[in-house]
Structures are given as structure tokens and as C-alpha cells.
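Colleague: Got a structure for you, questions after.
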Amino acid sequence: MRMYDLIMKKRNGGVLSEEEIRYMVNGYVSGEIPDYQMSAMMMAIFFRGMNEEETWRLTMAMAESGEMLDLSDIAGVKVDKHSTGGVGDKTSLALAPMAAACGVKIAKMSGRGLGHTGGTIDKLESFAGFSTDISTRQFIRNVNEVGMAIMGQTKDLAPADKLLYALRDVTATVDHMSLIASSIMSKKLAAGADAIVLDVKTGSGAFMKKEEDAFALAREMLAIGKNAGRNVMAIVSDMDQPLGNAVGNALEVREAIETLRGRGPEDFTQLCMELGSCMLMTAGLAGCKEEALAMLHGVIEDGRALSKLAQFVKAQGGDERMVYEPELLPKASTVTLVEAPCDGYVRRILCDEVGICSLILGGGRSRKEDIIDLSVGIVLDKKVGDRVKKGEPLAYIHSNGEDKRTACEERLLKAYEIGPERRQEGPVIRGTLK
């Protein structure tokens with residue numbers, strides 16, 4: 001078998017067999033197939049596409065290119081959740097304790113952020129002493145004893161995906177539905193969950209700007225999951241403006257804690273409830289959405305969800321007092337009010353721009369080696385559809401350093417569009433697929 005022949009086959013619109021795909025993936029990981037040939041294959045796939053069978057075969061070859069986590073020692077159905085990401089997306093921080101308090105086994109691998117704000121791991125490190133650098137044995141023990149655990153992705157998990165994504169990133173082949181779906185799902189399948197709930201974002205702050213593209217991606221990932229024998233559900237949700245009000249690591253942790261106390265922002269709470277109901281149903285703990293929602297509301301009202309977060313933080317070395325006393329979380333030295341420049345209605349908030357504002361403050365990374373300032377960020381006071389008067393608060397900037405604050409404020413004001421007529425905010429949940 002020669003890579004040259006496979007490139008020509010795909011270039012001419014052929015369908016790659018399982019054997020051919022595994023040869024290609026394993027050869028690239030081992031170094032036998034050079035970058036220039038794999039680049040040619042990625043471009044051929046970009047223009048010629050892959051059918052459902054090929055996409056599944058590619059996903060499984062990538063998943064099996066390294067360690068496949070064995071979670072069989074965890075009692076019960078293991079459920080994972082994946083979000084395609086966005087500004088202010090702190091969903092795992094509230095959703096995982098809610099679902100775990102209802103009896104779902106959450107065994108989750110997460111990563112650090114590169115870009116707007118930190119990833120789930122960065123946000124969790126707002127709890128003093130918290131660590132995701134735990135062994136697989138401790139990871140499994142914590143899930144059995146606490147009901148949930150989150151660890152960092154190991155370098156041995158789907159190594160083909162890391163190599164292929166880096167290559168696609170520099171060869172203009174990232175934006176292809178089958179390649180995106182296989183990249184996401186290869187990591188999820190390698191992580192060993194029995195069921196997977198997907199949160200596919202759409203809008204200005206999402207990778208998929210168009211709603212139809214988000215639904216297409218969700219359908220691709222659902223097909224992969226089902227072909228691999230997993231129970232999968234997907235939600236397409238809004239990312240035309242930041243999720244919730246807080247953007248920034250410790251600020252998002254505070255907002256997640258408030259949500260577990262029943263006092264979270266409406267849009268964020270609604271998304272957590274929708275995703276949580278999917279998790280309970282895929283785990284077989286609820287027979288319908290209404291039953292699942294009742295269970296989720298119950299664990300918030302009686303405090304079990306908040307208690308579960310504290311147990312989880314303590315089990316991974318963190319200071320659980322911060323769950324009950326969030327004022328102990330990292331704080332910026334300065335909080336600056338950003339005033340509305342005129343009367344009117346908030347018609348639009350440029351989601352990506354708000355994320356860049358957090359990055360300017362130090363809340364995200366431009367390079368992998370950058371150190372995040374966990375205390376900084378933005379808390380939005382007004383969102384799309386809200387009425388504002390000149391001089392009223394639009395947002396609050398939490399900063400350390402005058403230069404960063406000034407640059408952030410100028411950019412944040414430009415991210416807001418205020419007009420005379422009210423614009424109706426779009427629905428948080430655009431659809432559910434299963």
C-alpha cells in the first residue's frame with residue numbers, strides 16, 4: 001500500500017476503505033508518512049469530502065492511535081459532555097455537579113484554553129490547590145466515590161488528532177465538517193464514556209457561524225457516536241452573545257456557584273438544564289425531559305448540587321471553602337464601570353470582541369506558554385434586548401493594570417451596538433437532536 005495511491009484515489013473522488021484509513025493514520029503517527037503527503041490528503045478530503053462510513057472509520061483510527069481509557073471499573077453509565085466552545089462558556093462547572101448530584105457518573109477529560117479565556121482546567125484552578133494532574137487510578141476512584149472527576153488530557157489520548165489538527169491549522173483545511181467531527185469525537189471515544197452529550201454552538205462567537213452548519217456538524221457527530229455504539233444526544237445552542245454575564249476564569253466560577261444556588265443568569269441556567277436533562281436521559285436515570293428537569297431543580301433547591309461541587313473540589317486537592325465563600329476566589333485589584341454612551345436598546349454584542357477584551361486583560365492565552373491571570377475579566381450588566389439610559393452600567397471590567405483596562409474599555413464599548421429600537425433576543429436552545 002502506498003500513500004501516493006490513496007491521495008490519488010481520494011483526489012479522484014474515491015471512497016477509502018478501513019484498511020486504507022488505518023494505514024494512513026498509523027503511518028502518519030509513526031512518522032513513516034511525511035507531512036507533505038498528509039497535507040495533500042487533507043486537501044483532497046477538503047474538496048472531495050468523506051461519506052458517513054469514511055468519517056466513522058477515520059474517527060476510530062484516530063481514537064485508537066493511542067491510549068483508549070478503560071472506565072469499566074466505574075459502576076454505572078459514564079456520561080461525558082462536549083461543547084464546541086464560546087465566550088463565557090463555563091457550563092461544565094455547574095452542569096457536572098448538577099448531573100452528578102442526580103446520580104450520573106461524570107468521568108471527564110478537559111483541556112486548557114488557548115484564546116479568549118481559559119479552558120475548564122484553568123477555571124477550576126481558581127480554587128486554591130485544585131489539580132487535574134491525577135492518576136487514572138485516582139480518577140476512577142473519585143468518580144466512584146464522589147460521582148465526578150475531571151482530569152487533564154494525556155498526551156497518549158488520540159495522538160493522531162493532535163498531529164492532524166496542527167497540520168490542518170497551517171494548511172487551510174480546518175473548516176471541513178467531517179474533519180471537525182472526527183477530531184472532536186476521536187477524543188471523546190478514546191476517553192471511554194458510555195454516553196456523550198454534545199453542545200454545538202452557533203452564532204458570531206462560535207466556530208459555526210451559520211445555524212444550518214451547526215446542525216450539520218451535530219448530525220455528523222451523532223452518526224459517529226451511534227456507529228461506535230455510544231448513546232449520543234446533541235443540542236445546538238446560541239453563541240451570538242456571551243453565555244451568562246461573566247467572562248473570565250474566577251468570575252465564571254463565581255457565576256457557576258451562583259447558578260448552583262439557583263441564582264444564575266437565565267440563559268446560562270436554561271442551557272445547563274437542557275444539557276443536564278440530556279445527560280440524565282442518556283444515563284437511563286430519567287425517562288423523559290420533564291422527569292429529568294424535576295430532578296435537576298431538586299438538587300439545586302436542596303443544596304446537593306452545590307455540595308457535590310465542594311466534594312469534587314476537595315477530592316482533587318482544592319479548597320472547598322471557596323465553594324461556600326466565593327469571595328475567597330482570586331480578585332482583581334480594580335473594578336471599573338463601563339457606562340452606556342447613549343439611550344436606547346442593546347441590539348448586538350460582538351461576542352468575539354468581548355472574548356478579546358478578556359484576553360487583553362490577561363484572562364486568556366495568545367501562546368500555550370502564557371500564564372493566565374485568573375482574577376480578571378468582564379461582567380456584563382446589559383445584554384441583547386435590554387433597555388439602557390446614557391450613563392447606566394453596561395459592564396464592569398475586573399483588571400490589574402491601567403494600560404490593559406484602558407485598552408479593554410475602548411474595545412468593549414465598540415463591541416456594544418445600541419439603537420432606538422428593541423431587537424428580540426434569539427432563543428438559547430436552537431434545537432435538540434438524538
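By order in the C-alpha cells, chains are A, B, ...; within a chain, residues start at 1; ligands start at 1, following the order shown.
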DSSP on the backbone, then: every residue of segment 272-362 of chain A marked strand (DSSP E or B), written as a list in words.
Modeller: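 Everything in segment 272-362 of chain A that counts as strand (DSSP E or B) is Thr334, Val335, Thr336, Leu337, Val338, Glu339, Gly344, Tyr345, Val346, Arg347, Arg348 and Ile349 of chain A.
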Colleague: Can you tell me, as a list in words, what residues are no more than 9 Å from Ala101 of chain A when counting only C-alpha atoms, ignoring any on the same chain fewer than 5 positions away?
Modeller: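 Non-adjacent residues within range: Ala96, Gly147, Leu296, Val299, Arg304, Ala305, Leu306, Ser307, Lys308 and Leu309 of chain A.
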Colleague: Near Glu421 of chain A, counting only C-alpha atoms, which residues have an atom at most 10 Å away, once you skip same-chain residues fewer than 3 positions from it, shown as a PDB file with C-alpha atoms, in the first residue's frame?
Modeller:
```pdb
ATOM      1  CA  GLY A 344     -31.584  53.015  23.581  1.00  0.00           C
ATOM      2  CA  TYR A 345     -31.665  49.236  23.439  1.00  0.00           C
ATOM      3  CA  VAL A 346     -28.758  46.828  23.260  1.00  0.00           C
ATOM      4  CA  ARG A 347     -29.172  45.472  19.748  1.00  0.00           C
ATOM      5  CA  GLY A 385     -32.741  43.361  24.208  1.00  0.00           C
ATOM      6  CA  ARG A 387     -33.094  48.990  27.688  1.00  0.00           C
ATOM      7  CA  ILE A 418     -27.122  50.425  20.946  1.00  0.00           C
ATOM      8  CA  GLN A 424     -35.630  40.424  20.096  1.00  0.00           C
TER       9      GLN A 424
END
```
Colleague: May I have the residues within 9 Å of Val313 of chain A as an NGL selection string, using only C-alpha atoms and disregarding those fewer than 2 positions away in the same chain?
Modeller: :A and (124 or 127 or 130-131 or 308-311 or 315-320 or 323)
Colleague: Apply DSSP to the backbone of this structure and, from segment 166-335 of chain A, keep only the residues in helix (DSSP H, G or I); write these as a PyMOL selection string.
Modeller: chain A and resi 166-169+177-190+211-227+249-260+266-282+289-301+304-315+321-324+326-328
Colleague: What is the distance between atom CA of Met1 of chain A and atom CA of Ala61 of chain A, in Å to one decimal?
Modeller: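 Computing the Euclidean distance for atom CA of Met1 of chain A and atom CA of Ala61 of chain A yields 16.9 Å.
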Colleague: My list of candidates is A:Leu394, A:Ala44, A:Ala172, A:Met281. Which is closest to Asp381 of chain A when distances are computed with only C-alpha atoms?
Modeller: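 So, comparing all the options, the nearest one is A:Leu394.
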